[in-house]
$ cat my_file-v4.txt   # compact mmCIF, C-alpha atoms and all ligand atoms
# COMPACT_ATOMS: atom_id res chain seq x y z
CA MET A 316 -76.75 264.08 -149.98
CA ALA A 317 -79.55 262.43 -151.92
CA ASN A 318 -80.14 263.74 -155.42
CA ALA A 319 -83.60 265.32 -155.32
CA ASN A 320 -84.14 264.51 -159.01
CA VAL A 321 -83.69 260.77 -158.64
CA ALA A 322 -86.52 258.77 -157.12
CA THR A 323 -85.49 255.99 -154.78
CA PRO A 324 -88.47 253.64 -154.87
CA ASN A 325 -89.35 251.51 -151.93
CA ASN A 326 -89.83 247.90 -152.98
CA PRO A 327 -91.76 246.15 -150.20
CA THR A 328 -90.92 242.66 -151.49
CA SER A 329 -87.28 243.21 -152.46
CA GLY A 330 -85.16 240.15 -151.69
CA ASN A 331 -88.14 237.91 -150.93
CA ARG A 332 -87.53 234.23 -151.56
CA PHE A 333 -89.59 231.12 -150.93
CA ALA A 334 -88.96 227.51 -151.87
CA ASN A 335 -90.57 224.16 -151.25
CA SER A 336 -90.10 220.82 -153.02
CA SER A 337 -92.09 221.84 -156.11
CA VAL A 338 -91.72 225.58 -156.59
CA THR A 339 -89.32 228.47 -155.99
CA ILE A 340 -90.55 232.07 -155.88
CA GLU A 341 -88.05 234.90 -155.96
CA ALA A 342 -88.31 238.66 -156.21
CA ALA A 343 -86.65 239.56 -159.51
CA ALA A 344 -83.75 242.00 -159.66
CA PRO A 345 -84.61 245.61 -160.56
CA ALA A 346 -85.15 246.11 -164.29
CA ALA A 347 -85.71 248.89 -166.80
CA ARG A 348 -89.24 248.98 -168.16
CA ILE A 349 -91.06 250.99 -170.81
CA SER A 350 -94.78 251.13 -171.39
CA PHE A 351 -94.82 251.67 -175.14
CA ARG A 352 -97.87 252.78 -177.16
CA ALA A 353 -97.42 253.19 -180.89
CA THR A 354 -98.79 253.15 -184.40
CA PRO A 355 -97.55 250.23 -186.55
CA LYS A 356 -94.88 252.58 -187.97
CA GLY A 357 -93.80 253.76 -184.51
CA ALA A 358 -93.53 250.14 -183.33
CA LYS A 359 -91.41 249.21 -186.34
CA ASP A 360 -89.10 252.19 -185.89
CA PHE A 361 -88.59 251.62 -182.17
CA GLY A 362 -88.03 247.91 -182.84
CA LYS A 363 -85.14 248.87 -185.14
CA THR A 364 -83.65 251.09 -182.43
CA LEU A 365 -83.92 248.30 -179.87
CA GLY A 366 -82.71 245.63 -182.28
CA ILE A 367 -85.81 243.53 -181.71
CA ASP A 368 -89.06 243.22 -183.68
CA LEU A 369 -91.98 244.23 -181.47
CA PRO A 370 -94.45 241.34 -181.77
CA THR A 371 -97.67 242.17 -183.62
CA LYS A 372 -99.59 238.98 -182.82
CA PRO A 373 -101.67 238.81 -179.64
CA GLY A 374 -99.94 237.08 -176.74
CA LEU A 375 -96.46 236.95 -178.22
CA SER A 376 -93.17 238.23 -176.89
CA ALA A 377 -89.75 238.69 -178.42
CA SER A 378 -86.45 238.43 -176.56
CA ASN A 379 -82.87 239.31 -177.28
CA SER A 380 -80.40 238.63 -174.46
CA SER A 381 -81.53 240.83 -171.53
CA LEU A 382 -84.29 242.58 -173.50
CA SER A 383 -87.90 241.41 -173.85
CA ALA A 384 -90.80 243.02 -175.71
CA LEU A 385 -94.25 241.79 -174.67
CA TRP A 386 -97.42 242.26 -176.72
CA ILE A 387 -100.01 243.75 -174.34
CA GLY A 388 -102.60 245.18 -176.75
CA PRO A 389 -102.95 246.06 -180.44
CA ASP A 390 -100.92 249.26 -179.90
CA GLU A 391 -99.29 248.55 -176.56
CA TRP A 392 -96.10 246.76 -175.52
CA LEU A 393 -94.19 246.28 -172.29
CA ILE A 394 -90.43 246.47 -172.80
CA ILE A 395 -88.31 244.95 -170.05
CA ASP A 396 -84.53 245.01 -169.86
CA THR A 397 -82.90 243.21 -166.94
CA LYS A 398 -79.41 244.55 -167.60
CA ASN A 399 -79.27 247.88 -169.43
CA SER A 400 -80.25 251.20 -167.90
CA ILE A 401 -83.49 252.96 -168.71
CA ASN A 402 -81.51 255.87 -170.16
CA SER A 403 -80.02 253.63 -172.82
CA LEU A 404 -83.46 252.31 -173.78
CA MET A 405 -85.68 255.39 -173.86
CA PRO A 406 -86.13 256.90 -177.31
CA ARG A 407 -84.00 260.00 -177.79
CA ARG A 408 -86.52 261.99 -179.79
CA GLU A 409 -90.23 262.53 -179.53
CA ASN A 410 -92.30 261.26 -182.40
CA ALA A 411 -95.99 261.48 -183.26
CA ASN A 412 -95.98 257.74 -183.92
CA PHE A 413 -95.32 256.59 -180.40
CA CYS A 414 -95.42 257.33 -176.71
CA ALA A 415 -92.82 255.77 -174.43
CA THR A 416 -93.21 255.98 -170.67
CA ASP A 417 -90.59 254.89 -168.16
CA VAL A 418 -92.40 252.55 -165.76
CA SER A 419 -89.27 250.91 -164.32
CA HIS A 420 -90.31 251.76 -160.79
CA ARG A 421 -94.01 251.18 -161.25
CA ASN A 422 -93.59 247.42 -161.53
CA VAL A 423 -91.77 244.75 -159.62
CA ALA A 424 -91.45 241.16 -160.76
CA PHE A 425 -91.41 237.68 -159.29
CA ILE A 426 -89.85 234.63 -160.90
CA ILE A 427 -91.88 231.49 -160.24
CA SER A 428 -90.12 228.28 -161.23
CA GLY A 429 -90.31 224.54 -160.75
CA ASP A 430 -92.77 221.73 -161.49
CA GLY A 431 -95.37 223.43 -159.30
CA ALA A 432 -95.04 226.86 -160.94
CA GLU A 433 -98.11 226.48 -163.15
CA ASN A 434 -100.30 225.27 -160.29
CA THR A 435 -98.99 228.03 -158.02
CA LEU A 436 -100.17 230.65 -160.50
CA CYS A 437 -103.43 228.85 -161.31
CA ALA A 438 -104.43 229.12 -157.66
CA SER A 439 -105.10 232.84 -158.21
CA CYS A 440 -105.27 233.31 -161.99
CA PRO A 441 -108.28 232.25 -164.09
CA ARG A 442 -106.25 231.76 -167.29
CA ASP A 443 -105.42 228.42 -168.87
CA LEU A 444 -101.66 228.29 -168.24
CA SER A 445 -101.10 224.80 -169.65
CA PRO A 446 -98.18 224.61 -172.11
CA ALA A 447 -100.65 224.07 -174.96
CA ALA A 448 -102.59 227.27 -174.26
CA PHE A 449 -99.72 229.31 -172.83
CA PRO A 450 -96.47 228.06 -174.44
CA VAL A 451 -92.97 229.37 -173.67
CA GLY A 452 -92.72 233.00 -174.79
CA THR A 453 -96.41 233.75 -174.27
CA ALA A 454 -97.05 237.11 -172.62
CA SER A 455 -100.33 238.47 -171.34
CA ARG A 456 -101.85 241.03 -169.09
CA THR A 457 -104.33 239.26 -166.83
CA ILE A 458 -105.68 239.22 -163.31
CA PHE A 459 -104.12 237.57 -160.24
CA GLY A 460 -106.54 237.56 -157.33
CA LYS A 461 -107.66 241.18 -157.45
CA ALA A 462 -104.38 242.53 -158.81
CA GLU A 463 -103.65 243.22 -162.46
CA VAL A 464 -100.43 241.50 -163.55
CA VAL A 465 -98.46 240.70 -166.68
CA LEU A 466 -97.39 237.08 -167.07
CA LEU A 467 -94.54 235.89 -169.28
CA ARG A 468 -93.69 232.22 -169.60
CA ILE A 469 -89.89 232.21 -169.72
CA GLY A 470 -89.43 228.43 -169.66
CA LYS A 471 -91.34 225.16 -169.59
CA THR A 472 -91.72 225.43 -165.82
CA SER A 473 -90.86 229.08 -165.17
CA PHE A 474 -92.77 232.34 -165.32
CA ARG A 475 -92.06 236.02 -164.81
CA LEU A 476 -94.92 237.85 -163.10
CA GLU A 477 -94.93 241.66 -163.23
CA CYS A 478 -97.18 243.57 -160.87
CA TRP A 479 -97.51 247.12 -159.65
CA ARG A 480 -95.12 247.82 -156.80
CA SER A 481 -97.76 248.70 -154.20
CA PHE A 482 -99.62 245.44 -154.96
CA SER A 483 -96.55 243.26 -154.49
CA PRO A 484 -97.07 242.26 -150.81
CA TYR A 485 -100.61 241.13 -151.73
CA VAL A 486 -99.39 239.23 -154.80
CA TRP A 487 -96.55 237.69 -152.79
CA ASP A 488 -98.96 236.38 -150.14
CA LEU A 489 -101.19 234.85 -152.82
CA LEU A 490 -98.17 233.24 -154.49
CA ILE A 491 -97.08 231.62 -151.21
CA ASP A 492 -100.64 230.43 -150.66
CA GLY A 493 -100.67 228.87 -154.14
CA ALA A 494 -97.21 227.36 -153.65
CA GLN A 495 -98.35 225.58 -150.50
CA ASP A 496 -101.25 224.01 -152.39
CA ALA A 497 -99.06 223.15 -155.38
CA HIS A 498 -96.73 221.38 -152.95
CA ILE A 499 -99.33 218.73 -151.99
CA MET B 744 -117.36 231.71 -165.09
CA LEU B 745 -118.17 233.10 -168.51
CA VAL B 746 -115.58 232.62 -171.21
CA ILE B 747 -115.62 235.60 -173.56
CA HIS B 748 -114.02 235.85 -176.99
CA CYS B 749 -112.04 239.09 -177.37
CA PRO B 750 -111.99 240.28 -181.00
CA TYR B 751 -108.62 241.98 -180.46
CA CYS B 752 -106.85 239.13 -178.64
CA GLN B 753 -108.63 236.76 -181.06
CA ALA B 754 -109.02 234.27 -178.24
CA GLU B 755 -111.28 233.25 -175.40
CA ARG B 756 -110.52 234.83 -172.06
CA PRO B 757 -112.04 234.44 -168.58
CA GLU B 758 -114.82 236.80 -167.54
CA LEU B 759 -112.66 238.22 -164.71
CA GLU B 760 -110.50 240.02 -167.29
CA PHE B 761 -113.51 241.96 -168.64
CA ALA B 762 -115.77 244.82 -167.60
CA ASN B 763 -119.24 245.43 -168.96
CA ALA B 764 -119.59 249.01 -170.18
CA GLY B 765 -123.32 249.36 -170.77
CA GLU B 766 -125.48 249.39 -173.86
CA ALA B 767 -123.79 249.63 -177.24
CA HIS B 768 -124.56 251.98 -180.15
CA ILE B 769 -125.80 254.89 -178.01
CA VAL B 770 -125.15 257.92 -180.19
CA ARG B 771 -123.96 260.97 -178.27
CA PRO B 772 -125.56 263.99 -179.94
CA ASN B 773 -123.60 267.06 -181.06
CA ASN B 774 -126.32 269.48 -179.96
CA MET B 775 -126.62 268.55 -176.30
CA SER B 776 -127.27 272.14 -175.18
CA ASP B 777 -130.30 272.32 -177.50
CA MET B 778 -131.92 269.22 -176.06
CA THR B 779 -134.91 269.35 -173.79
CA ASP B 780 -134.61 267.72 -170.38
CA ALA B 781 -136.85 264.89 -171.57
CA GLU B 782 -134.67 264.26 -174.63
CA PHE B 783 -131.52 264.36 -172.53
CA GLU B 784 -132.99 261.96 -170.00
CA LYS B 785 -133.90 259.53 -172.76
CA MET B 786 -130.43 259.65 -174.32
CA PHE B 787 -128.48 259.64 -171.05
CA PHE B 788 -130.41 257.39 -168.68
CA VAL B 789 -133.00 255.29 -170.50
CA ARG B 790 -131.71 251.92 -171.70
CA GLU B 791 -133.34 248.94 -173.42
CA ASN B 792 -132.52 246.42 -170.66
CA PRO B 793 -134.29 243.65 -172.55
CA LYS B 794 -135.05 240.17 -171.34
CA GLY B 795 -133.36 238.56 -174.30
CA VAL B 796 -130.82 239.77 -176.79
CA ASN B 797 -128.85 242.83 -175.68
CA LEU B 798 -126.22 244.78 -177.58
CA GLU B 799 -123.49 245.73 -175.13
CA ARG B 800 -120.10 247.40 -174.86
CA TRP B 801 -117.43 245.41 -173.09
CA ARG B 802 -113.86 246.23 -172.24
CA HIS B 803 -111.05 243.71 -172.02
CA ILE B 804 -109.73 245.83 -169.20
CA HIS B 805 -107.31 243.33 -167.60
CA GLY B 806 -106.13 242.11 -171.01
CA CYS B 807 -105.53 244.09 -174.17
CA GLY B 808 -107.45 247.06 -172.74
CA ARG B 809 -109.75 247.42 -175.77
CA PHE B 810 -113.45 248.25 -175.88
CA PHE B 811 -115.56 246.07 -178.17
CA ASN B 812 -119.22 245.24 -178.69
CA ALA B 813 -121.05 242.02 -177.95
CA ILE B 814 -124.49 240.56 -178.49
CA ARG B 815 -125.44 238.72 -175.32
CA HIS B 816 -128.64 236.96 -174.34
CA THR B 817 -129.52 238.30 -170.89
CA VAL B 818 -131.33 235.13 -169.82
CA SER B 819 -128.84 232.48 -170.88
CA ASP B 820 -125.77 234.81 -170.74
CA LYS B 821 -124.77 233.31 -174.07
CA PHE B 822 -122.58 235.54 -176.23
CA LEU B 823 -124.00 235.33 -179.76
CA LYS B 824 -121.39 237.54 -181.39
CA VAL B 825 -118.50 239.89 -180.57
CA TYR B 826 -117.23 242.59 -182.90
CA LYS B 827 -114.71 245.41 -182.82
CA ALA B 828 -115.58 248.92 -181.67
CA GLY B 829 -116.68 251.06 -184.60
CA ALA B 830 -118.09 248.12 -186.59
CA PRO B 831 -121.73 248.69 -187.63
CA ARG B 832 -124.63 247.42 -185.56
CA PRO B 833 -125.63 243.98 -186.87
CA SER B 834 -129.01 244.05 -188.61
CA ASP B 835 -132.11 242.64 -186.93
CA ALA B 836 -132.09 239.89 -189.58
CA GLU B 837 -128.53 238.93 -188.65
CA ILE B 838 -129.40 238.92 -184.94
CA ALA B 839 -132.44 236.74 -185.62
CA GLU B 840 -130.19 234.37 -187.55
CA LEU B 841 -127.72 234.22 -184.63
CA MET B 842 -130.52 233.27 -182.25
CA LYS B 843 -131.48 230.18 -184.22
ZN ZN C 1 -108.39 241.50 -175.65
$ encode --input "my_file-v4.txt" --output "structure tokens"
Amino acid sequence: MANANVATPNNPTSGNRFANSSVTIEAAAPAARISFRATPKGAKDFGKTLGIDLPTKPGLSASNSSLSALWIGPDEWLIIDTKNSINSLMPRRENANFCATDVSHRNVAFIISGDGAENTLCASCPRDLSPAAFPVGTASRTIFGKAEVVLLRIGKTSFRLECWRSFSPYVWDLLIDGAQDAHI
Amino acid sequence: MLVIHCPYCQAERPELEFANAGEAHIVRPNNMSDMTDAEFEKMFFVRENPKGVNLERWRHIHGCGRFFNAIRHTVSDKFLKVYKAGAPRPSDAEIAELMK
């Protein structure tokens, strides 16, 4: 019998994969995610717990094996762990210096990779994603078509795109559209 | 597309990441229940809407999420200055200097 206390989210784009000669788009595996809001002290303390310094400069991210911390705003980070469980990540105690929210099931991610990855994203995103303006490790909340997303450049020609779960079929369709243009 | 400098991201970002949030430096009074209807109307509804320099609130809603203030020319759409929320209103002399 299903455990009534455990949500089993429906991921409408789970397992999706697309490839052409210039770009591959894949639905990322499920991951643990925390939306983290904190004072500078709260960010420092939680960084110590995680074993990673939460970046304090706009647009930066920090990574340590399966764990990434993305700067989203002056007091906001998105923590993503592709291996460890959310229970091992969430802070044990409440603290006036921070607010951690489990958003593991709110988001899904796509990995866009290949020489055409940048052009695939640029088809629907107004940001300058050239390596000079958006180097490896850059993280940013931005807009993709009409959907809000978080972009992380994980390699010279690869990106992780996080979007809200219910927006993922829309984002997927736009990505395929962009990939077909990037292919030309 | 407008390219707007966000004082929190400390970088230029495309207009599509932003939302305009009306006139800046509107002081919400503490004694709202004592106001006459005419006073309330003036505070709540009446805005400068100038043809020229306008002081506006903006929000980097699809970015860092922060509200900030901007001085924008409503004819040319040129942003003369952006500054963080809570910073004082630039003086008329400073605005005149920015327009040169
Ligand atoms: Zn910003």
$ closest_residue --input "my_file-v4.txt" --among "B:Ala836, B:Met842, B:Ile747, B:Ala830" --to "chain A" --atoms "all atoms listed in the file"
B:Ile747
$ closest_residue --input "my_file-v4.txt" --among "A:Pro441, A:Pro373, A:Pro406, A:Pro446" --to "ligand ZN 1 (chain C)" --atoms "all atoms listed in the file"
A:Pro373
$ residues_near_point --input "my_file-v4.txt" --point "(-121.4, 247.3, -170.8)" --cutoff "7 Å" --atoms "all atoms listed in the file" --output "JSON, numbers by chain"
{"B": [762, 763, 764, 765, 766, 799, 800, 801]}
$ write_last_selection --input "my_file-v4.txt" --atoms "C-alpha atoms" --output "tab-separated table (two decimals), in the coordinates of the input"
chain	number	residue	atom	x	y	z
B	762	ALA	CA	-115.77	244.82	-167.60
B	763	ASN	CA	-119.24	245.43	-168.96
B	764	ALA	CA	-119.59	249.01	-170.18
B	765	GLY	CA	-123.32	249.36	-170.77
B	766	GLU	CA	-125.48	249.39	-173.86
B	799	GLU	CA	-123.49	245.73	-175.13
B	800	ARG	CA	-120.10	247.40	-174.86
B	801	TRP	CA	-117.43	245.41	-173.09
$ residues_around --input "my_file-v4.txt" --residues "B:Ala839" --least-positions-apart "3" --cutoff "12 Å" --atoms "all atoms listed in the file" --output "JSON, numbers by chain"
{"B": [795, 796, 814, 816, 823, 824, 833, 834, 835, 836, 842, 843]}
$ closest_atom_pairs --input "my_file-v4.txt" --of "chain B" --to "ligand ZN 1 (chain C)" --cutoff "7 Å" --atoms "only C-alpha atoms and all ligand atoms" --output "JSON lines"
{"residue": "B:Cys749", "atom": "CA", "partner": "C:ZN1", "partner_atom": "ZN", "distance": 4.7}
{"residue": "B:Pro750", "atom": "CA", "partner": "C:ZN1", "partner_atom": "ZN", "distance": 6.6}
{"residue": "B:Tyr751", "atom": "CA", "partner": "C:ZN1", "partner_atom": "ZN", "distance": 4.8}
{"residue": "B:Cys752", "atom": "CA", "partner": "C:ZN1", "partner_atom": "ZN", "distance": 4.1}
{"residue": "B:His803", "atom": "CA", "partner": "C:ZN1", "partner_atom": "ZN", "distance": 5.0}
{"residue": "B:Gly806", "atom": "CA", "partner": "C:ZN1", "partner_atom": "ZN", "distance": 5.2}
{"residue": "B:Cys807", "atom": "CA", "partner": "C:ZN1", "partner_atom": "ZN", "distance": 4.1}
{"residue": "B:Gly808", "atom": "CA", "partner": "C:ZN1", "partner_atom": "ZN", "distance": 6.3}
{"residue": "B:Arg809", "atom": "CA", "partner": "C:ZN1", "partner_atom": "ZN", "distance": 6.1}
$ atom_distance --input "my_file-v4.txt" --atom1 "atom CA of A:Leu393" --atom2 "atom CA of B:Ala828"
23.5 Å
$ closest_residue --input "my_file-v4.txt" --among "A:Glu391, A:Glu433, A:Glu409, A:Asp368" --to "chain B" --atoms "all atoms listed in the file"
A:Glu391
$ atom_distance --input "my_file-v4.txt" --atom1 "atom CA of A:Ser481" --atom2 "atom CA of A:Phe425"
13.7 Å
$ atom_distance --input "my_file-v4.txt" --atom1 "atom CA of A:Ile395" --atom2 "atom CA of A:Ile340"
19.3 Å
$ residues_around --input "my_file-v4.txt" --residues "B:Arg790" --least-positions-apart "3" --cutoff "10 Å" --atoms "only C-alpha atoms" --output "PyMOL selection string"
chain B and resi 765-767+769+785-787+793
$ interface_residues --input "my_file-v4.txt" --of "chain A" --to "chain B" --cutoff "6 Å" --atoms "only C-alpha atoms" --output "ChimeraX atom specification"
/A:373,387-388,456-457
$ residues_around --input "my_file-v4.txt" --residues "A:Ser483" --least-positions-apart "5" --cutoff "9 Å" --atoms "only C-alpha atoms" --output "ChimeraX atom specification"
/A:326-328,422-425,462,478,488
$ residues_around --input "my_file-v4.txt" --residues "B:Gly829" --least-positions-apart "4" --cutoff "10 Å" --atoms "all atoms listed in the file" --output "ChimeraX atom specification"
/B:768,810-812
$ residues_around --input "my_file-v4.txt" --residues "A:Val418" --least-positions-apart "4" --cutoff "9 Å" --atoms "all atoms listed in the file" --output "PyMOL selection string"
chain A and resi 347-350+422
$ build_atoms --input "my_file-v4.txt" --residues "stretch 453-464 of chain A" --atoms "all heavy atoms" --output "mmCIF file, in the coordinates of the input"
data_model
loop_
_atom_site.group_PDB
_atom_site.id
_atom_site.type_symbol
_atom_site.label_atom_id
_atom_site.label_comp_id
_atom_site.auth_asym_id
_atom_site.auth_seq_id
_atom_site.Cartn_x
_atom_site.Cartn_y
_atom_site.Cartn_z
ATOM 1 N N THR A 453 -95.118 233.082 -174.319
ATOM 2 C CA THR A 453 -96.410 233.750 -174.270
ATOM 3 C C THR A 453 -96.378 234.856 -173.209
ATOM 4 O O THR A 453 -95.830 234.676 -172.127
ATOM 5 C CB THR A 453 -97.540 232.760 -173.917
ATOM 6 O OG1 THR A 453 -97.513 231.686 -174.856
ATOM 7 C CG2 THR A 453 -98.905 233.431 -173.959
ATOM 8 N N ALA A 454 -96.963 235.992 -173.556
ATOM 9 C CA ALA A 454 -97.050 237.110 -172.620
ATOM 10 C C ALA A 454 -98.490 237.588 -172.593
ATOM 11 O O ALA A 454 -99.165 237.598 -173.620
ATOM 12 C CB ALA A 454 -96.145 238.250 -173.057
ATOM 13 N N SER A 455 -98.969 237.967 -171.423
ATOM 14 C CA SER A 455 -100.330 238.470 -171.340
ATOM 15 C C SER A 455 -100.554 239.276 -170.083
ATOM 16 O O SER A 455 -100.072 238.926 -169.010
ATOM 17 C CB SER A 455 -101.321 237.292 -171.355
ATOM 18 O OG SER A 455 -102.639 237.780 -171.411
ATOM 19 N N ARG A 456 -101.312 240.361 -170.261
ATOM 20 C CA ARG A 456 -101.850 241.030 -169.090
ATOM 21 C C ARG A 456 -103.042 240.199 -168.640
ATOM 22 O O ARG A 456 -103.827 239.727 -169.461
ATOM 23 C CB ARG A 456 -102.267 242.452 -169.447
ATOM 24 C CG ARG A 456 -102.725 243.272 -168.274
ATOM 25 C CD ARG A 456 -102.548 244.753 -168.506
ATOM 26 N NE ARG A 456 -103.196 245.213 -169.735
ATOM 27 C CZ ARG A 456 -102.943 246.389 -170.307
ATOM 28 N NH1 ARG A 456 -102.075 247.216 -169.775
ATOM 29 N NH2 ARG A 456 -103.551 246.737 -171.419
ATOM 30 N N THR A 457 -103.194 240.021 -167.348
ATOM 31 C CA THR A 457 -104.330 239.260 -166.830
ATOM 32 C C THR A 457 -104.570 239.690 -165.384
ATOM 33 O O THR A 457 -104.100 240.743 -164.958
ATOM 34 C CB THR A 457 -104.086 237.736 -166.970
ATOM 35 O OG1 THR A 457 -105.232 237.029 -166.493
ATOM 36 C CG2 THR A 457 -102.855 237.277 -166.214
ATOM 37 N N ILE A 458 -105.316 238.868 -164.675
ATOM 38 C CA ILE A 458 -105.680 239.220 -163.310
ATOM 39 C C ILE A 458 -105.176 238.125 -162.369
ATOM 40 O O ILE A 458 -105.210 236.954 -162.716
ATOM 41 C CB ILE A 458 -107.212 239.441 -163.212
ATOM 42 C CG1 ILE A 458 -107.624 240.084 -161.903
ATOM 43 C CG2 ILE A 458 -107.994 238.181 -163.489
ATOM 44 C CD1 ILE A 458 -107.897 241.551 -162.037
ATOM 45 N N PHE A 459 -104.658 238.521 -161.217
ATOM 46 C CA PHE A 459 -104.120 237.570 -160.240
ATOM 47 C C PHE A 459 -104.752 237.933 -158.897
ATOM 48 O O PHE A 459 -104.397 238.946 -158.296
ATOM 49 C CB PHE A 459 -102.596 237.703 -160.194
ATOM 50 C CG PHE A 459 -101.914 236.596 -159.446
ATOM 51 C CD1 PHE A 459 -101.728 235.355 -160.043
ATOM 52 C CD2 PHE A 459 -101.481 236.778 -158.147
ATOM 53 C CE1 PHE A 459 -101.104 234.321 -159.359
ATOM 54 C CE2 PHE A 459 -100.858 235.751 -157.454
ATOM 55 C CZ PHE A 459 -100.665 234.528 -158.065
ATOM 56 N N GLY A 460 -105.717 237.123 -158.455
ATOM 57 C CA GLY A 460 -106.540 237.560 -157.330
ATOM 58 C C GLY A 460 -107.265 238.811 -157.768
ATOM 59 O O GLY A 460 -107.982 238.821 -158.763
ATOM 60 N N LYS A 461 -107.043 239.916 -157.058
ATOM 61 C CA LYS A 461 -107.660 241.180 -157.450
ATOM 62 C C LYS A 461 -106.647 242.128 -158.097
ATOM 63 O O LYS A 461 -106.958 243.286 -158.358
ATOM 64 C CB LYS A 461 -108.274 241.874 -156.216
ATOM 65 C CG LYS A 461 -109.444 241.125 -155.606
ATOM 66 C CD LYS A 461 -110.685 241.258 -156.473
ATOM 67 C CE LYS A 461 -111.853 240.477 -155.886
ATOM 68 N NZ LYS A 461 -112.994 240.456 -156.809
ATOM 69 N N ALA A 462 -105.433 241.655 -158.286
ATOM 70 C CA ALA A 462 -104.380 242.530 -158.810
ATOM 71 C C ALA A 462 -104.152 242.282 -160.289
ATOM 72 O O ALA A 462 -104.106 241.130 -160.733
ATOM 73 C CB ALA A 462 -103.083 242.314 -158.044
ATOM 74 N N GLU A 463 -103.999 243.362 -161.047
ATOM 75 C CA GLU A 463 -103.650 243.220 -162.460
ATOM 76 C C GLU A 463 -102.161 242.899 -162.552
ATOM 77 O O GLU A 463 -101.350 243.527 -161.881
ATOM 78 C CB GLU A 463 -103.966 244.515 -163.194
ATOM 79 C CG GLU A 463 -103.768 244.388 -164.687
ATOM 80 C CD GLU A 463 -104.251 245.644 -165.409
ATOM 81 O OE1 GLU A 463 -105.477 245.817 -165.509
ATOM 82 O OE2 GLU A 463 -103.403 246.421 -165.840
ATOM 83 N N VAL A 464 -101.838 241.898 -163.388
ATOM 84 C CA VAL A 464 -100.430 241.500 -163.550
ATOM 85 C C VAL A 464 -100.137 241.276 -165.029
ATOM 86 O O VAL A 464 -101.050 241.209 -165.855
ATOM 87 C CB VAL A 464 -100.119 240.186 -162.774
ATOM 88 C CG1 VAL A 464 -100.396 240.353 -161.291
ATOM 89 C CG2 VAL A 464 -100.905 239.008 -163.351
#
